[in-house]
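A.B. asks: What follows is data_39.txt; its format and atoms are compact mmCIF, C-alpha atoms and all ligand atoms.
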# COMPACT_ATOMS: atom_id res chain seq x y z
CA MET A 108 16.75 -1.25 37.86
CA ALA A 109 17.83 1.45 35.42
CA GLY A 110 16.47 4.90 36.21
CA GLN A 111 15.35 3.80 39.67
CA GLU A 112 16.40 7.07 41.25
CA GLU A 113 14.55 9.28 38.77
CA SER A 114 11.46 7.14 38.82
CA SER A 115 11.33 7.17 42.63
CA ARG A 116 11.63 10.93 42.52
CA LEU A 117 8.81 11.12 39.99
CA VAL A 118 6.62 8.92 42.14
CA GLU A 119 7.25 11.36 44.98
CA LEU A 120 6.43 14.38 42.86
CA LEU A 121 3.37 12.80 41.32
CA THR A 122 1.90 11.52 44.59
CA ALA A 123 2.65 14.65 46.62
CA LYS A 124 0.22 16.74 44.65
CA ASP A 125 -1.74 14.03 42.87
CA ASP A 126 -5.17 15.68 42.95
CA GLN A 127 -3.83 18.93 41.66
CA LEU A 128 -1.70 17.37 38.91
CA ALA A 129 -4.36 14.98 37.73
CA SER A 130 -6.88 17.77 37.42
CA ALA A 131 -4.37 19.93 35.55
CA TRP A 132 -4.00 17.03 33.14
CA VAL A 133 -7.76 16.68 32.75
CA GLU A 134 -8.02 20.37 32.09
CA ALA A 135 -5.26 20.39 29.47
CA VAL A 136 -6.81 17.47 27.64
CA SER A 137 -10.37 18.73 27.81
CA ARG A 138 -9.23 21.94 26.11
CA THR A 139 -7.96 19.97 23.13
CA LEU A 140 -11.10 17.84 22.90
CA ARG A 141 -13.40 20.84 23.13
CA GLY A 142 -16.28 19.24 24.95
CA ARG A 143 -16.71 16.26 22.65
CA ILE A 144 -16.26 13.99 25.60
CA SER A 145 -17.88 14.62 28.97
CA LEU A 146 -15.73 16.04 31.72
CA ALA A 147 -16.79 13.30 34.12
CA GLU A 148 -15.79 10.64 31.60
CA LEU A 149 -12.44 12.29 30.97
CA GLU A 150 -11.80 12.66 34.68
CA ARG A 151 -12.48 9.00 35.24
CA GLU A 152 -10.23 7.98 32.33
CA LEU A 153 -7.30 10.18 33.23
CA ASN A 154 -7.46 9.51 36.95
CA GLU A 155 -7.19 5.82 36.19
CA LEU A 156 -4.28 6.49 33.87
CA TYR A 157 -2.63 8.65 36.47
CA THR A 158 -2.84 5.98 39.13
CA ALA A 159 -1.60 3.32 36.74
CA LEU A 160 1.27 5.56 35.66
CA VAL A 161 2.41 6.11 39.23
CA ASP A 162 2.13 2.38 39.88
CA GLY A 163 4.17 1.65 36.78
CA LEU A 164 6.89 4.09 37.83
CA ARG A 165 6.93 2.70 41.32
CA HIS A 166 7.33 -0.94 40.38
CA GLY A 167 8.80 -0.85 36.91
CA ALA A 168 10.80 2.39 36.70
CA PHE A 169 10.83 3.37 33.00
CA ASP A 170 10.40 -0.08 31.54
CA TRP A 171 7.01 0.68 30.01
CA GLN A 172 6.93 -2.63 28.16
CA GLY A 173 7.34 -4.59 31.39
CA ASP A 174 4.77 -6.23 33.65
CA ALA A 175 4.51 -3.27 36.01
CA TYR A 176 2.98 -1.26 33.18
CA ALA A 177 0.47 -3.88 32.03
CA GLU A 178 -2.41 -2.01 33.63
CA LEU A 179 -1.39 1.31 32.08
CA ARG A 180 -0.99 -0.23 28.64
CA ALA A 181 -4.41 -1.84 28.91
CA LEU A 182 -5.98 1.49 29.88
CA LEU A 183 -4.21 3.32 27.06
CA ALA A 184 -5.29 0.71 24.55
CA GLU A 185 -8.86 1.07 25.77
CA LEU A 186 -8.67 4.86 25.54
CA SER A 187 -7.27 4.85 22.06
CA ARG A 188 -9.77 2.31 20.79
CA SER A 189 -12.64 4.36 22.07
CA ARG A 190 -11.17 7.57 20.61
CA ALA A 191 -10.71 5.89 17.24
CA ARG A 192 -14.30 4.67 17.25
CA GLN A 193 -15.63 8.07 18.22
CA GLY A 194 -13.80 9.70 15.34
CA PHE A 195 -11.15 11.66 17.25
CA THR A 196 -8.02 12.42 15.23
CA PRO A 197 -4.69 10.73 15.92
CA THR A 198 -3.35 14.05 17.24
CA GLU A 199 -6.21 14.47 19.66
CA THR A 200 -5.69 10.91 20.84
CA ALA A 201 -1.94 11.23 21.35
CA THR A 202 -2.37 14.61 23.04
CA SER A 203 -4.33 12.98 25.82
CA VAL A 204 -1.12 11.22 26.75
CA LEU A 205 1.42 13.88 25.88
CA ALA A 206 -0.40 16.57 27.87
CA CYS A 207 0.75 14.73 30.98
CA LYS A 208 4.23 16.04 30.33
CA ASP A 209 3.09 19.64 30.66
CA VAL A 210 1.59 19.26 34.08
CA LEU A 211 5.00 18.38 35.43
CA ALA A 212 6.93 20.76 33.20
CA PRO A 213 9.95 22.25 34.96
CA THR A 214 9.62 25.75 36.31
CA VAL A 215 12.30 28.23 37.40
CA ASP A 216 12.57 26.64 40.80
CA THR A 217 12.94 23.08 39.56
CA GLY A 218 16.21 21.63 40.82
CA ALA A 219 18.79 20.07 38.51
CA ALA A 220 18.05 16.56 39.77
CA ASP A 221 14.36 17.00 39.08
CA ILE A 222 15.02 18.21 35.56
CA HIS A 223 16.71 14.93 34.92
CA ALA A 224 13.72 13.07 36.29
CA TYR A 225 11.43 15.19 34.17
CA LEU A 226 13.37 14.39 31.00
CA GLN A 227 12.96 10.71 31.75
CA LEU A 228 9.24 11.20 32.21
CA GLY A 229 9.14 13.01 28.86
CA LYS A 230 10.73 10.06 27.12
CA LEU A 231 8.39 7.66 28.83
CA MET A 232 5.32 9.65 27.83
CA ASP A 233 6.56 9.85 24.23
CA ALA A 234 6.87 6.08 24.09
CA LEU A 235 3.41 5.67 25.59
CA ALA A 236 1.95 8.17 23.13
CA LEU A 237 3.41 6.17 20.23
CA PHE A 238 1.96 3.02 21.71
CA THR A 239 -1.40 4.76 21.88
CA LEU A 240 -1.13 5.81 18.25
CA GLU A 241 -0.32 2.30 17.20
CA VAL A 242 -3.44 0.97 18.86
CA TYR A 243 -5.37 3.83 17.30
CA ALA A 244 -4.13 2.93 13.80
CA LYS A 245 -4.91 -0.73 14.34
CA THR A 246 -8.43 0.10 15.48
CA ARG A 247 -9.01 2.27 12.41
CA GLU A 248 -7.87 -0.60 10.23
CA GLU A 249 -10.28 -2.92 11.97
CA ILE A 250 -13.09 -0.46 11.46
CA ILE A 251 -12.29 -0.21 7.78
CA SER A 252 -12.13 -3.94 7.29
CA ALA A 253 -15.39 -4.39 9.18
CA GLN A 254 -16.96 -1.84 6.86
CA SER A 255 -15.66 -3.59 3.80
CA GLU A 256 -17.13 -6.80 5.14
CA GLN A 257 -20.50 -5.14 5.41
CA LEU A 258 -20.10 -3.83 1.89
CA MET A 259 -19.32 -7.35 0.80
CA GLU A 260 -22.57 -8.61 2.26
CA LEU A 261 -24.46 -5.89 0.46
CA SER A 262 -22.72 -6.36 -2.86
CA THR A 263 -23.50 -10.05 -3.20
CA PRO A 264 -26.98 -10.29 -4.56
CA VAL A 265 -28.42 -13.75 -4.85
CA VAL A 266 -31.34 -13.53 -7.24
CA LYS A 267 -34.16 -15.87 -7.97
CA LEU A 268 -34.05 -16.24 -11.74
CA TRP A 269 -36.94 -18.58 -12.18
CA GLU A 270 -39.11 -20.80 -10.07
CA GLY A 271 -36.64 -23.16 -8.42
CA VAL A 272 -33.56 -21.47 -9.86
CA VAL A 273 -31.34 -19.04 -7.97
CA ALA A 274 -28.22 -17.35 -9.33
CA VAL A 275 -25.34 -15.42 -7.89
CA PRO A 276 -23.09 -13.29 -10.06
CA LEU A 277 -19.58 -13.09 -8.69
CA VAL A 278 -17.84 -9.83 -9.46
CA GLY A 279 -14.31 -8.65 -8.78
CA THR A 280 -11.45 -10.12 -6.88
CA LEU A 281 -12.50 -13.06 -4.79
CA ASP A 282 -10.58 -13.40 -1.62
CA SER A 283 -11.25 -16.20 0.75
CA ALA A 284 -13.47 -14.17 3.06
CA ARG A 285 -15.60 -12.87 0.25
CA THR A 286 -16.02 -16.25 -1.39
CA GLN A 287 -17.13 -17.62 1.95
CA VAL A 288 -19.83 -14.97 2.28
CA VAL A 289 -21.07 -15.57 -1.25
CA MET A 290 -21.31 -19.28 -0.75
CA GLU A 291 -23.15 -19.01 2.53
CA LYS A 292 -25.64 -16.62 1.01
CA LEU A 293 -26.18 -18.88 -1.96
CA LEU A 294 -26.90 -21.91 0.20
CA GLN A 295 -29.30 -19.87 2.30
CA ALA A 296 -31.03 -18.60 -0.83
CA LEU A 297 -31.57 -22.17 -2.00
CA VAL A 298 -33.50 -22.81 1.17
CA ASP A 299 -35.36 -19.49 1.18
CA ALA A 300 -36.44 -19.75 -2.45
CA ASP A 301 -37.11 -23.45 -2.16
CA ALA A 302 -34.88 -23.88 -5.19
CA ASP A 303 -33.02 -26.95 -6.44
CA GLN A 304 -30.90 -25.31 -9.13
CA ALA A 305 -28.13 -22.83 -8.40
CA ILE A 306 -26.14 -20.92 -10.98
CA ILE A 307 -22.82 -19.40 -10.01
CA ASP A 308 -21.82 -16.89 -12.65
CA ILE A 309 -18.14 -15.98 -12.69
CA THR A 310 -18.16 -13.63 -15.69
CA GLY A 311 -16.97 -10.80 -13.45
CA VAL A 312 -14.13 -12.70 -11.83
CA PRO A 313 -10.70 -11.76 -13.18
CA ALA A 314 -8.90 -14.93 -12.08
CA VAL A 315 -9.78 -18.34 -10.71
CA ASP A 316 -7.00 -19.85 -8.62
CA THR A 317 -6.96 -23.00 -6.52
CA GLU A 318 -8.44 -21.19 -3.56
CA VAL A 319 -11.43 -19.87 -5.47
CA ALA A 320 -11.82 -23.23 -7.20
CA GLN A 321 -11.80 -25.01 -3.90
CA HIS A 322 -14.54 -22.74 -2.58
CA LEU A 323 -16.59 -23.34 -5.71
CA LEU A 324 -16.16 -27.09 -5.39
CA LYS A 325 -17.12 -27.05 -1.72
CA THR A 326 -20.21 -25.03 -2.49
CA VAL A 327 -21.27 -27.48 -5.15
CA VAL A 328 -20.84 -30.36 -2.72
CA ALA A 329 -22.76 -28.52 -0.01
CA ALA A 330 -25.56 -27.70 -2.46
CA ARG A 331 -25.75 -31.35 -3.45
CA LEU A 332 -26.12 -32.35 0.15
CA MET A 333 -29.10 -30.05 0.21
CA GLY A 334 -30.53 -31.76 -2.84
CA ALA A 335 -29.63 -28.96 -5.26
CA GLU A 336 -27.47 -28.89 -8.38
CA CYS A 337 -25.02 -26.13 -9.28
CA ILE A 338 -24.03 -24.86 -12.67
CA ILE A 339 -20.99 -22.65 -13.10
CA SER A 340 -21.43 -20.14 -15.88
CA GLY A 341 -19.51 -17.27 -17.41
CA ILE A 342 -16.25 -19.12 -17.88
CA ARG A 343 -14.37 -16.88 -20.27
CA PRO A 344 -11.64 -18.22 -22.57
CA GLN A 345 -8.71 -16.92 -20.53
CA ILE A 346 -10.18 -18.38 -17.37
CA ALA A 347 -10.83 -21.72 -19.05
CA GLN A 348 -7.22 -21.92 -20.24
CA THR A 349 -5.89 -20.98 -16.84
CA ILE A 350 -8.04 -23.55 -15.07
CA VAL A 351 -6.79 -26.24 -17.46
CA ALA A 352 -3.14 -25.26 -16.97
CA LEU A 353 -3.55 -25.21 -13.22
CA GLY A 354 -4.94 -28.71 -13.42
CA ILE A 355 -8.20 -28.00 -11.64
CA GLN A 356 -10.87 -30.57 -12.39
CA PHE A 357 -14.50 -29.68 -12.06
CA GLY A 358 -15.43 -33.33 -12.50
CA ASP A 359 -19.10 -33.79 -13.31
CA ILE A 360 -20.04 -30.21 -12.48
CA VAL A 361 -21.85 -28.59 -15.36
CA THR A 362 -20.13 -25.50 -16.71
CA LYS A 363 -21.52 -23.13 -19.31
CA ALA A 364 -20.13 -20.19 -21.21
CA SER A 365 -23.05 -17.89 -20.53
CA LEU A 366 -25.71 -17.31 -17.92
CA ALA A 367 -28.42 -17.85 -20.54
CA ASP A 368 -27.04 -21.29 -21.39
CA ALA A 369 -26.91 -22.11 -17.71
CA LEU A 370 -30.52 -21.09 -17.19
CA LYS A 371 -31.61 -23.17 -20.16
CA HIS A 372 -29.78 -26.14 -18.72
CA ALA A 373 -31.26 -25.62 -15.26
CA LEU A 374 -34.77 -25.42 -16.62
CA GLY A 375 -34.14 -28.52 -18.70
CA ARG A 376 -33.14 -30.37 -15.58
CA ARG A 377 -36.27 -29.23 -13.81
CA GLY A 378 -38.36 -30.38 -16.74
CA GLY A 379 -39.67 -26.87 -17.33
CA ASP A 380 -39.24 -24.68 -20.36
CA LEU A 381 -38.61 -21.03 -21.09
CA THR A 382 -42.07 -20.41 -22.48
CA GLY A 383 -43.70 -21.11 -19.17
CA ASN A 384 -44.71 -18.38 -16.73
CA GLY A 385 -41.89 -19.19 -14.43
CA GLY A 386 -42.84 -22.76 -13.86
CA GLN A 387 -45.81 -24.16 -12.02
CA ALA A 388 -45.68 -22.52 -8.62
CA MET B 41 22.75 -21.92 -2.88
CA LYS B 42 20.13 -19.78 -4.52
CA ALA B 43 19.99 -19.60 -8.31
CA PRO B 44 20.62 -16.30 -10.12
CA LEU B 45 17.62 -14.04 -10.21
CA PRO B 46 16.05 -12.46 -13.24
CA ASP B 47 17.42 -8.94 -13.77
CA LEU B 48 14.57 -6.67 -12.89
CA ASP B 49 14.63 -3.23 -14.43
CA ALA B 50 15.05 -0.04 -12.46
CA ASP B 51 11.43 0.55 -11.57
CA GLU B 52 10.93 -2.78 -9.85
CA GLU B 53 8.54 -2.80 -6.94
CA THR B 54 8.68 -4.54 -3.62
CA MET B 55 5.82 -5.34 -1.31
CA PRO B 56 5.34 -7.43 1.81
CA ILE B 57 3.09 -10.49 1.78
CA ASP B 58 1.87 -10.68 5.33
CA SER B 59 -1.90 -10.93 5.11
CA ASN B 60 -4.73 -12.00 2.86
CA ASP B 61 -5.14 -8.39 1.82
CA ASP B 62 -1.53 -8.41 0.68
CA VAL B 63 -2.27 -11.41 -1.52
CA VAL B 64 -5.05 -9.42 -3.18
CA ARG B 65 -2.75 -6.42 -3.57
CA ALA B 66 0.00 -8.60 -5.00
CA ARG B 67 -2.43 -9.91 -7.58
CA GLN B 68 -3.39 -6.37 -8.55
CA LEU B 69 0.23 -5.28 -8.79
CA VAL B 70 1.06 -8.23 -11.03
CA ARG B 71 -1.94 -7.44 -13.23
CA THR B 72 -0.78 -3.81 -13.58
CA LEU B 73 2.71 -4.86 -14.66
CA ALA B 74 1.38 -7.54 -17.00
CA GLN B 75 -0.71 -4.90 -18.72
CA ARG B 76 2.23 -2.48 -18.89
CA CYS B 77 4.24 -5.25 -20.52
CA LYS B 78 1.40 -5.78 -22.99
CA LEU B 79 0.88 -9.43 -22.22
CA SER B 80 -2.16 -10.91 -23.94
CA LEU B 81 -5.29 -11.29 -21.83
CA VAL B 82 -4.73 -15.03 -21.54
CA ASP B 83 -1.12 -14.55 -20.46
CA GLN B 84 -2.09 -11.80 -18.01
CA THR B 85 -4.61 -14.12 -16.42
CA LYS B 86 -2.12 -16.97 -16.27
CA LEU B 87 0.55 -14.83 -14.63
CA VAL B 88 -1.88 -13.28 -12.15
CA THR B 89 -3.17 -16.70 -11.22
CA ALA B 90 0.36 -18.09 -10.78
CA ALA B 91 1.24 -15.08 -8.61
CA SER B 92 -1.88 -15.61 -6.56
CA GLU B 93 -0.83 -19.19 -5.85
CA LEU B 94 2.73 -18.27 -4.97
CA ALA B 95 1.70 -15.34 -2.81
CA ARG B 96 -0.64 -17.54 -0.84
CA ASN B 97 2.02 -20.20 -0.37
CA THR B 98 4.39 -17.49 0.84
CA LEU B 99 1.79 -16.40 3.35
CA VAL B 100 0.46 -19.76 4.46
CA TYR B 101 3.55 -21.97 4.42
CA GLY B 102 6.35 -19.40 4.47
CA GLY B 103 4.73 -17.43 7.29
CA GLY B 104 4.84 -14.28 5.16
CA GLY B 105 7.52 -12.81 2.98
CA VAL B 106 8.27 -10.36 0.24
CA LEU B 107 7.35 -9.99 -3.42
CA ARG B 108 9.68 -8.26 -5.84
CA ILE B 109 8.34 -7.64 -9.29
CA GLY B 110 9.46 -5.80 -12.39
CA LEU B 111 9.83 -5.88 -16.13
CA VAL B 112 12.68 -7.86 -17.64
CA ARG B 113 14.32 -7.60 -21.06
CA ARG B 114 16.27 -10.31 -22.78
CA ALA B 115 17.22 -10.76 -26.44
CA GLY B 116 14.80 -8.08 -27.56
CA ARG B 117 11.91 -9.51 -25.60
CA THR B 118 10.05 -8.03 -22.67
CA GLY B 119 8.54 -9.93 -19.83
CA VAL B 120 7.37 -9.68 -16.26
CA SER B 121 9.24 -11.37 -13.43
CA ALA B 122 7.96 -11.92 -9.94
CA ILE B 123 10.09 -13.20 -7.10
CA PHE B 124 8.53 -14.49 -3.90
CA ASP B 125 10.82 -14.82 -0.92
CA ASP B 126 10.14 -16.11 2.55
CA ASP B 127 12.14 -17.15 5.59
CA GLY B 128 9.81 -20.00 6.41
CA PRO B 129 10.59 -23.68 7.03
CA GLY B 130 11.53 -24.44 3.43
CA ILE B 131 10.35 -27.46 1.43
CA PRO B 132 11.94 -30.79 2.40
CA ASP B 133 10.96 -32.67 -0.76
CA ILE B 134 10.76 -30.52 -3.88
CA ASP B 135 9.56 -33.29 -6.19
CA GLN B 136 6.75 -34.12 -3.84
CA ALA B 137 5.76 -30.46 -3.47
CA LEU B 138 5.65 -30.15 -7.25
CA THR B 139 3.46 -33.22 -7.64
CA ASP B 140 -0.09 -32.44 -8.72
CA GLY B 141 -2.46 -33.01 -5.86
CA TRP B 142 0.12 -33.20 -3.10
CA THR B 143 -0.60 -30.89 -0.19
CA SER B 144 0.66 -30.77 3.36
CA GLY B 145 -2.30 -28.59 4.29
CA GLY B 146 -5.88 -28.76 3.14
CA GLY B 147 -5.38 -27.41 -0.36
CA LEU B 148 -5.83 -28.95 -3.76
CA GLY B 149 -2.07 -29.35 -4.04
CA LEU B 150 -2.10 -27.67 -7.43
CA GLY B 151 -0.73 -24.23 -6.62
CA LEU B 152 2.97 -24.82 -7.03
CA SER B 153 2.82 -27.33 -9.89
CA GLY B 154 0.07 -25.32 -11.58
CA ALA B 155 2.03 -22.08 -11.27
CA ARG B 156 4.96 -23.74 -12.99
CA ARG B 157 2.73 -24.65 -15.95
CA LEU B 158 1.24 -21.16 -16.10
CA VAL B 159 4.54 -19.31 -16.64
CA ASP B 160 7.44 -19.47 -19.10
CA GLU B 161 10.22 -19.67 -16.54
CA PHE B 162 10.07 -21.07 -13.06
CA THR B 163 12.81 -21.49 -10.50
CA LEU B 164 12.35 -22.84 -7.02
CA ASP B 165 15.06 -22.47 -4.39
CA THR B 166 14.44 -23.81 -0.98
CA GLU B 167 16.32 -25.07 1.97
CA VAL B 168 14.95 -26.73 5.06
CA GLY B 169 15.08 -24.08 7.74
CA GLY B 170 16.37 -21.55 5.22
CA GLY B 171 13.26 -20.26 3.50
CA THR B 172 11.88 -20.53 0.00
CA ARG B 173 12.26 -18.43 -3.10
CA VAL B 174 10.20 -18.87 -6.21
CA ALA B 175 10.94 -16.74 -9.29
CA VAL B 176 8.66 -16.77 -12.32
CA THR B 177 8.76 -14.98 -15.65
CA LYS B 178 6.20 -14.60 -18.39
CA TRP B 179 7.32 -13.18 -21.76
CA ALA B 180 5.23 -11.03 -24.06
CA ARG B 181 4.66 -12.73 -27.37
N1 LIG C 1 6.78 -21.13 0.47
C1 LIG C 1 6.64 -22.38 0.95
N2 LIG C 1 7.26 -22.74 2.10
C2 LIG C 1 7.14 -24.00 2.61
N3 LIG C 1 6.42 -24.97 2.02
C3 LIG C 1 5.77 -24.69 0.87
C4 LIG C 1 5.85 -23.40 0.28
N4 LIG C 1 5.14 -23.41 -0.87
C5 LIG C 1 4.62 -24.66 -0.98
N5 LIG C 1 5.00 -25.43 0.06
C6 LIG C 1 4.67 -26.85 0.27
O1 LIG C 1 4.33 -27.43 -0.98
C7 LIG C 1 3.04 -28.01 -0.92
C8 LIG C 1 2.37 -27.89 -2.25
O2 LIG C 1 2.07 -26.54 -2.55
P1 LIG C 1 0.85 -26.19 -3.51
O3 LIG C 1 0.73 -24.73 -3.63
O4 LIG C 1 1.04 -26.97 -4.77
O5 LIG C 1 -0.39 -26.84 -2.76
P2 LIG C 1 -1.24 -26.26 -1.56
O6 LIG C 1 -0.84 -24.86 -1.27
O7 LIG C 1 -1.13 -27.23 -0.45
O8 LIG C 1 -2.71 -26.27 -2.14
P3 LIG C 1 -3.31 -25.28 -3.25
O9 LIG C 1 -3.69 -26.16 -4.39
O10 LIG C 1 -4.48 -24.63 -2.63
O11 LIG C 1 -2.25 -24.31 -3.62
C9 LIG C 1 2.32 -27.28 0.18
O12 LIG C 1 1.27 -28.05 0.73
C10 LIG C 1 3.47 -27.03 1.17
O13 LIG C 1 3.69 -28.16 1.95
MG MG C 2 -0.72 -23.36 -2.64
Re-express the file's structure as structure tokens.

C.D. replies:
Amino acid sequence: MAGQEESSRLVELLTAKDDQLASAWVEAVSRTLRGRISLAELERELNELYTALVDGLRHGAFDWQGDAYAELRALLAELSRSRARQGFTPTETATSVLACKDVLAPTVDTGAADIHAYLQLGKLMDALALFTLEVYAKTREEIISAQSEQLMELSTPVVKLWEGVVAVPLVGTLDSARTQVVMEKLLQALVDADADQAIIDITGVPAVDTEVAQHLLKTVVAARLMGAECIISGIRPQIAQTIVALGIQFGDIVTKASLADALKHALGRRGGDLTGNGGQA
Amino acid sequence: MKAPLPDLDADEETMPIDSNDDVVRARQLVRTLAQRCKLSLVDQTKLVTAASELARNTLVYGGGGVLRIGLVRRAGRTGVSAIFDDDGPGIPDIDQALTDGWTSGGGLGLGLSGARRLVDEFTLDTEVGGGTRVAVTKWAR
């Protein structure tokens, strides 16, 4: 295996004084994190990393992507996910790994052979630090998309317009995930409000493509299965023309230009009228 | 052999289409260029919708790919061209794929044929095992 000699030497160096080196590492890292993580926690983390690193070197030389390093990669991924969640910066996260280089840094009495081994360790730690950063970045992305999902939930108000009539205004770009959320909320609102008329207002939607249309159609079918009727309102001229050119057919689904027209229609279907006090409760 | 591409102007933009978020971004990018080109609101909406369809096909069937988009000029007219490229499996039967209502997945089967109706120029180049390229252009009136 490539680098076998250097890695064996490193295993020797690292195991000979393991307690001392591991605690030097813990100390170096704890300085950069300035007490935002408990010393005991850090000790546990880094000792595990240390052991896994030595194991990796012993069985896999410098092939950090190989099987021998699976444990170390898993630990690093765990570390970087937890750092990302706790709000540590990318630098602070990568430093936890890179600081390991310093504890073995060559001194005046390091022999030439060991310098070579050290350089190899440096390269290895750099690669592992990049790996850590990648996981960090991915975790941040996940956090952001989870937050936008929560925002989505919040920004989809389903309102009860009248006795038996609920409406949901759709605003902005509808991606598949968002449409899904809207539709689920609407169906739930039908149950909660004991309503049998649902108005989906798409005035705020910039484009209706086949995906959005398909979600709308599915919602209408699902609402029908629940004994409710849907009306799609707010179809602006440019949307109407696009829908026609695309070839989407809404079949017997009632569509209206405005929300007011849709409400009138819904009340007509319920046999109520707009002068009532919101229908007989 | 792939057909000649529209000549995009110097400030063309390129973006990957590798996720649903990219599809949303592609739509926004197309909208921005359509506005810069002064397309009417109806034409903007048509082009954005066509791009949305093609971007999703690139993602879903092509396994991801690239969008290149820019303004084009020809015979004193300005337009917007968008080129979707993927290295996916290609389309074995073009006529079938362009038939309204035909889908190999669970779609409405209107994306490709609908996109063709929504734009002024439409070219489809595909090869089984060699990927798919769809180029569309919409001219300002
Ligand atoms: N880039 C592509 N690579 C491979 N196959 C494609 C590609 N684009 C389209 N196809 C094929 O052509 C078919 C028709 O595409 P089209 O967009 O019209 O319908 P769809 O995507 O199935 O449904 P939707 O109406 O939701 O778009 C697809 O089902 C797929 O088999
Ligand atoms: Mg499609």

A.B. asks: Show me, as an mmCIF file with C-alpha atoms, keeping the file's coordinate frame, the residues of chain A whose atoms get within 8 Å of chain B, using all atoms listed in the file for the distance check.

C.D. replies:
data_model
loop_
_atom_site.group_PDB
_atom_site.id
_atom_site.type_symbol
_atom_site.label_atom_id
_atom_site.label_comp_id
_atom_site.auth_asym_id
_atom_site.auth_seq_id
_atom_site.Cartn_x
_atom_site.Cartn_y
_atom_site.Cartn_z
ATOM 1 C CA THR A 280 -11.450 -10.120 -6.880
ATOM 2 C CA ASP A 282 -10.580 -13.400 -1.620
ATOM 3 C CA PRO A 313 -10.700 -11.760 -13.180
ATOM 4 C CA ALA A 314 -8.900 -14.930 -12.080
ATOM 5 C CA VAL A 315 -9.780 -18.340 -10.710
ATOM 6 C CA ASP A 316 -7.000 -19.850 -8.620
ATOM 7 C CA THR A 317 -6.960 -23.000 -6.520
ATOM 8 C CA GLU A 318 -8.440 -21.190 -3.560
ATOM 9 C CA GLN A 321 -11.800 -25.010 -3.900
ATOM 10 C CA PRO A 344 -11.640 -18.220 -22.570
ATOM 11 C CA GLN A 345 -8.710 -16.920 -20.530
ATOM 12 C CA ILE A 346 -10.180 -18.380 -17.370
ATOM 13 C CA GLN A 348 -7.220 -21.920 -20.240
ATOM 14 C CA THR A 349 -5.890 -20.980 -16.840
ATOM 15 C CA ALA A 352 -3.140 -25.260 -16.970
ATOM 16 C CA LEU A 353 -3.550 -25.210 -13.220
ATOM 17 C CA GLY A 354 -4.940 -28.710 -13.420
ATOM 18 C CA ILE A 355 -8.200 -28.000 -11.640
#

A.B. asks: Could you tell me how far CA of Val351 in chain A sits from CA of Val272 in chain A, in Å to one decimal place?

C.D. replies: 28.2 Å

A.B. asks: Show me, as number ranges by chain, the residues that have an atom within 7 Å of range 287-303 of chain A when counting all atoms listed in the file, minus same-chain residues fewer than 4 positions from it.

C.D. replies: A: 260, 263, 265, 271-273, 275, 283, 326, 330, 334-336

A.B. asks: One decimal, in Å: what's the spacing between CA of Thr239 in chain A and CA of Ile251 in chain A?

C.D. replies: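 A separation of 18.5 Å between them.
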
A.B. asks: Work out how far CA of Arg247 in chain A is from CA of Gln193 in chain A, in Å to one decimal.

C.D. replies: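 So the two atoms, CA of Gln193 in chain A and CA of Arg247 in chain A, lie 10.5 Å apart.
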
A.B. asks: For a quick check of understanding, using all atoms listed in the file, which of A:Val215, A:Val319, A:Gly341, A:Thr122 has the smallest distance to ligand MG 2 (chain C)?

C.D. replies: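 Among the listed residues, A:Val319 lies closest to ligand MG 2 (chain C).
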
A.B. asks: Find the spatial neighbours of Gly102 in chain B, counting all atoms listed in the file, within a cut-off of 12 Å - ignore same-chain residues fewer than 3 positions away - and output them as a ChimeraX atom specification.

C.D. replies: /B:57-59,94-99,105-106,124-131,166-174

A.B. asks: Atoms to include: C-alpha atoms. Write the selected residues as a JSON list (two decimals), in the coordinates of the input.

C.D. replies:
[["chain", "number", "residue", "atom", "x", "y", "z"],
["B", 57, "ILE", "CA", 3.09, -10.49, 1.78],
["B", 58, "ASP", "CA", 1.87, -10.68, 5.33],
["B", 59, "SER", "CA", -1.90, -10.93, 5.11],
["B", 94, "LEU", "CA", 2.73, -18.27, -4.97],
["B", 95, "ALA", "CA", 1.70, -15.34, -2.81],
["B", 96, "ARG", "CA", -0.64, -17.54, -0.84],
["B", 97, "ASN", "CA", 2.02, -20.20, -0.37],
["B", 98, "THR", "CA", 4.39, -17.49, 0.84],
["B", 99, "LEU", "CA", 1.79, -16.40, 3.35],
["B", 105, "GLY", "CA", 7.52, -12.81, 2.98],
["B", 106, "VAL", "CA", 8.27, -10.36, 0.24],
["B", 124, "PHE", "CA", 8.53, -14.49, -3.90],
["B", 125, "ASP", "CA", 10.82, -14.82, -0.92],
["B", 126, "ASP", "CA", 10.14, -16.11, 2.55],
["B", 127, "ASP", "CA", 12.14, -17.15, 5.59],
["B", 128, "GLY", "CA", 9.81, -20.00, 6.41],
["B", 129, "PRO", "CA", 10.59, -23.68, 7.03],
["B", 130, "GLY", "CA", 11.53, -24.44, 3.43],
["B", 131, "ILE", "CA", 10.35, -27.46, 1.43],
["B", 166, "THR", "CA", 14.44, -23.81, -0.98],
["B", 167, "GLU", "CA", 16.32, -25.07, 1.97],
["B", 168, "VAL", "CA", 14.95, -26.73, 5.06],
["B", 169, "GLY", "CA", 15.08, -24.08, 7.74],
["B", 170, "GLY", "CA", 16.37, -21.55, 5.22],
["B", 171, "GLY", "CA", 13.26, -20.26, 3.50],
["B", 172, "THR", "CA", 11.88, -20.53, 0.00],
["B", 173, "ARG", "CA", 12.26, -18.43, -3.10],
["B", 174, "VAL", "CA", 10.20, -18.87, -6.21]]
